[in-house]
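Input: a single structure, listed below in C-alpha coordinates.
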Amino acid sequence: MQNPKRHCRLCKKPVYGRTDKIFCTIACKNEYHLRLRRATAIAVRETDKILHRNRSILLESLGKKKPQKRVHRSLLDKKKFNFQYQTSYYVNSRGKMYHLVYDFAWLEFLDGTILVIRRS
(Lines give C-alpha, C1' and ligand atoms only; values in the text may rest on other atoms or scores of the structure.)
Protein backbone atom coordinates (compact mmCIF):
# COMPACT_ATOMS: atom_id res chain seq x y z
CA MET A 1 0.00 0.00 0.00
CA GLN A 2 1.12 3.49 -0.70
CA ASN A 3 1.62 6.11 2.01
CA PRO A 4 -1.54 8.28 2.18
CA LYS A 5 -1.42 12.04 2.62
CA ARG A 6 -4.90 12.06 4.08
CA HIS A 7 -6.07 11.18 7.59
CA CYS A 8 -9.48 10.24 9.02
CA ARG A 9 -11.48 13.23 10.29
CA LEU A 10 -12.42 11.37 13.44
CA CYS A 11 -9.56 9.15 14.57
CA LYS A 12 -6.70 10.63 12.48
CA LYS A 13 -5.64 7.21 11.13
CA PRO A 14 -4.38 7.09 7.53
CA VAL A 15 -7.10 6.94 4.85
CA TYR A 16 -6.56 4.64 1.88
CA GLY A 17 -8.68 4.40 -1.24
CA ARG A 18 -10.47 7.01 -3.30
CA THR A 19 -9.08 10.51 -3.29
CA ASP A 20 -12.32 12.00 -1.90
CA LYS A 21 -12.56 9.50 0.97
CA ILE A 22 -12.35 11.28 4.37
CA PHE A 23 -12.97 8.48 6.91
CA CYS A 24 -10.98 5.32 7.44
CA THR A 25 -14.04 3.15 8.19
CA ILE A 26 -17.81 3.25 8.07
CA ALA A 27 -17.82 3.20 11.89
CA CYS A 28 -15.76 6.42 11.99
CA LYS A 29 -18.07 8.02 9.42
CA ASN A 30 -21.18 7.09 11.43
CA GLU A 31 -19.67 8.26 14.73
CA TYR A 32 -18.58 11.59 13.20
CA HIS A 33 -22.08 12.34 11.89
CA LEU A 34 -23.71 11.19 15.14
CA ARG A 35 -21.53 13.64 17.11
CA LEU A 36 -22.33 16.39 14.61
CA ARG A 37 -26.10 15.82 15.00
CA ARG A 38 -25.79 15.82 18.81
CA ALA A 39 -23.84 19.08 18.81
CA THR A 40 -26.43 20.68 16.53
CA ALA A 41 -29.32 19.47 18.67
CA ILE A 42 -27.75 20.90 21.82
CA ALA A 43 -27.04 24.23 20.14
CA VAL A 44 -30.58 24.76 18.84
CA ARG A 45 -32.52 23.31 21.79
CA GLU A 46 -32.92 26.61 23.68
CA THR A 47 -33.85 28.63 20.59
CA ASP A 48 -36.37 26.00 19.51
CA LYS A 49 -37.90 26.03 23.00
CA ILE A 50 -38.40 29.81 22.84
CA LEU A 51 -39.92 29.64 19.34
CA HIS A 52 -42.38 26.93 20.38
CA ARG A 53 -43.36 28.94 23.46
CA ASN A 54 -43.91 32.04 21.30
CA ARG A 55 -46.12 30.01 18.95
CA SER A 56 -48.16 28.68 21.87
CA ILE A 57 -48.66 32.20 23.24
CA LEU A 58 -49.83 33.46 19.84
CA LEU A 59 -52.25 30.51 19.50
CA GLU A 60 -53.61 31.11 22.99
CA SER A 61 -54.03 34.84 22.32
CA LEU A 62 -55.76 34.29 18.99
CA GLY A 63 -57.92 31.31 19.86
CA LYS A 64 -58.60 28.29 17.66
CA LYS A 65 -61.28 29.76 15.39
CA LYS A 66 -60.29 33.35 14.58
CA PRO A 67 -57.97 34.10 11.63
CA GLN A 68 -56.70 37.34 13.24
CA LYS A 69 -57.09 39.44 16.36
CA ARG A 70 -55.70 42.66 17.81
CA VAL A 71 -54.21 42.42 21.29
CA HIS A 72 -52.27 44.84 23.43
CA ARG A 73 -48.52 44.29 23.72
CA SER A 74 -48.80 44.09 27.51
CA LEU A 75 -50.86 40.88 27.16
CA LEU A 76 -48.01 39.19 25.29
CA ASP A 77 -45.45 40.66 27.71
CA LYS A 78 -47.34 39.18 30.69
CA LYS A 79 -47.20 35.76 29.05
CA LYS A 80 -43.41 36.15 28.55
CA PHE A 81 -43.57 36.38 24.76
CA ASN A 82 -40.04 36.93 23.45
CA PHE A 83 -40.21 39.47 20.62
CA GLN A 84 -36.56 38.85 19.69
CA TYR A 85 -37.26 35.34 18.36
CA GLN A 86 -39.00 34.65 15.04
CA THR A 87 -38.68 32.10 12.26
CA SER A 88 -38.71 34.74 9.51
CA TYR A 89 -40.25 38.04 8.51
CA TYR A 90 -42.23 39.44 5.61
CA VAL A 91 -42.48 43.01 4.34
CA ASN A 92 -45.72 43.72 2.45
CA SER A 93 -46.20 46.15 -0.44
CA ARG A 94 -46.96 48.99 2.01
CA GLY A 95 -43.65 48.47 3.81
CA LYS A 96 -45.18 46.90 6.93
CA MET A 97 -43.05 44.18 8.52
CA TYR A 98 -44.76 41.00 9.67
CA HIS A 99 -42.80 38.83 12.09
CA LEU A 100 -43.42 35.11 11.63
CA VAL A 101 -43.31 32.25 14.10
CA TYR A 102 -44.06 29.09 12.14
CA ASP A 103 -47.71 29.42 11.00
CA PHE A 104 -48.45 32.64 12.93
CA ALA A 105 -47.47 36.24 12.25
CA TRP A 106 -47.67 39.47 14.17
CA LEU A 107 -47.59 43.11 13.17
CA GLU A 108 -46.86 45.79 15.75
CA PHE A 109 -48.58 49.19 15.61
CA LEU A 110 -47.42 52.50 17.09
CA ASP A 111 -50.29 52.56 19.62
CA GLY A 112 -48.94 49.45 21.41
CA THR A 113 -51.35 46.99 19.85
CA ILE A 114 -50.32 43.90 17.94
CA LEU A 115 -52.24 42.22 15.16
CA VAL A 116 -51.87 38.44 15.52
CA ILE A 117 -52.57 36.49 12.31
CA ARG A 118 -52.92 32.80 11.59
CA ARG A 119 -51.31 32.10 8.24
CA SER A 120 -52.89 29.55 5.94
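Simple scheme: letters A, B, ... for chains in C-alpha coordinates order, numbers from 1 for residues in each chain, numbers from 1 for ligands in the order shown.
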For this session: Just list the residues in segment 38-115 of chain A DSSP gives alpha helix (DSSP H) on the backbone, as number ranges by chain.
Result: A: 38-62, 73-78
Exercise. Could you pull the residues within 10 Å of Ser56 of chain A, counting only C-alpha atoms, minus those fewer than 6 positions along the same chain, as JSON, numbers by chain?
Worked result: {"A": [50, 62, 81, 101, 104]}
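Proximity to Gln84 of chain A was assessed for A:Leu110, A:Ile57, A:Ile26, A:Leu51 counting only C-alpha atoms; the smallest distance is recorded for A:Leu51.
For Cys8 of chain A, the list of residues within 7 Å, based on only C-alpha atoms and with local chain neighbours fewer than 5 positions off taken out, reads Lys13, Pro14, Val15, Ile22, Phe23 and Cys24 of chain A.
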Exercise. To one decimal place, how far is atom CA of Ile117 of chain A from atom CA of Lys69 of chain A in Å?
Worked result: 6.7 Å
Exercise. Could you write out, as an MDAnalysis selection string, all the residues of segment 23-96 of chain A that DSSP marks as strand (DSSP E or B)?
Worked result: chainID A and resid 68:72 88:91
Problem set entry | Residue nearest Lys79 of chain A among A:Arg55, A:His7, A:His99, A:Lys64 (counting only C-alpha atoms) | A:Arg55
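Here atom CA of Arg53 of chain A and atom CA of Ser88 of chain A stand 15.8 Å from one another.
The closest residue to Asp111 of chain A, picked from A:Ser74, A:Ser93, A:Thr25, A:Thr87 and counting only C-alpha atoms, is A:Ser74.
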Exercise. Between atom CA of Leu75 of chain A and atom CA of Gly95 of chain A, what is the distance, to one decimal in Å?
Worked result: 25.6 Å
Seminar exercise, completed: Using only C-alpha atoms, the best pick from A:Cys28, A:Ile114, A:Val91, A:Ala41 as closest to Cys11 of chain A would be A:Cys28
Exercise. For Arg119 of chain A, which of A:Phe83, A:Arg94, A:Arg73, A:Pro67 is the closest residue, counting only C-alpha atoms?
Worked result: A:Pro67
Exercise. Out of A:Tyr85, A:Asn92, A:Glu31, A:Gly17, which residue has the shortest atom-to-atom distance to Glu46 of chain A when counting only C-alpha atoms?
Worked result: A:Tyr85
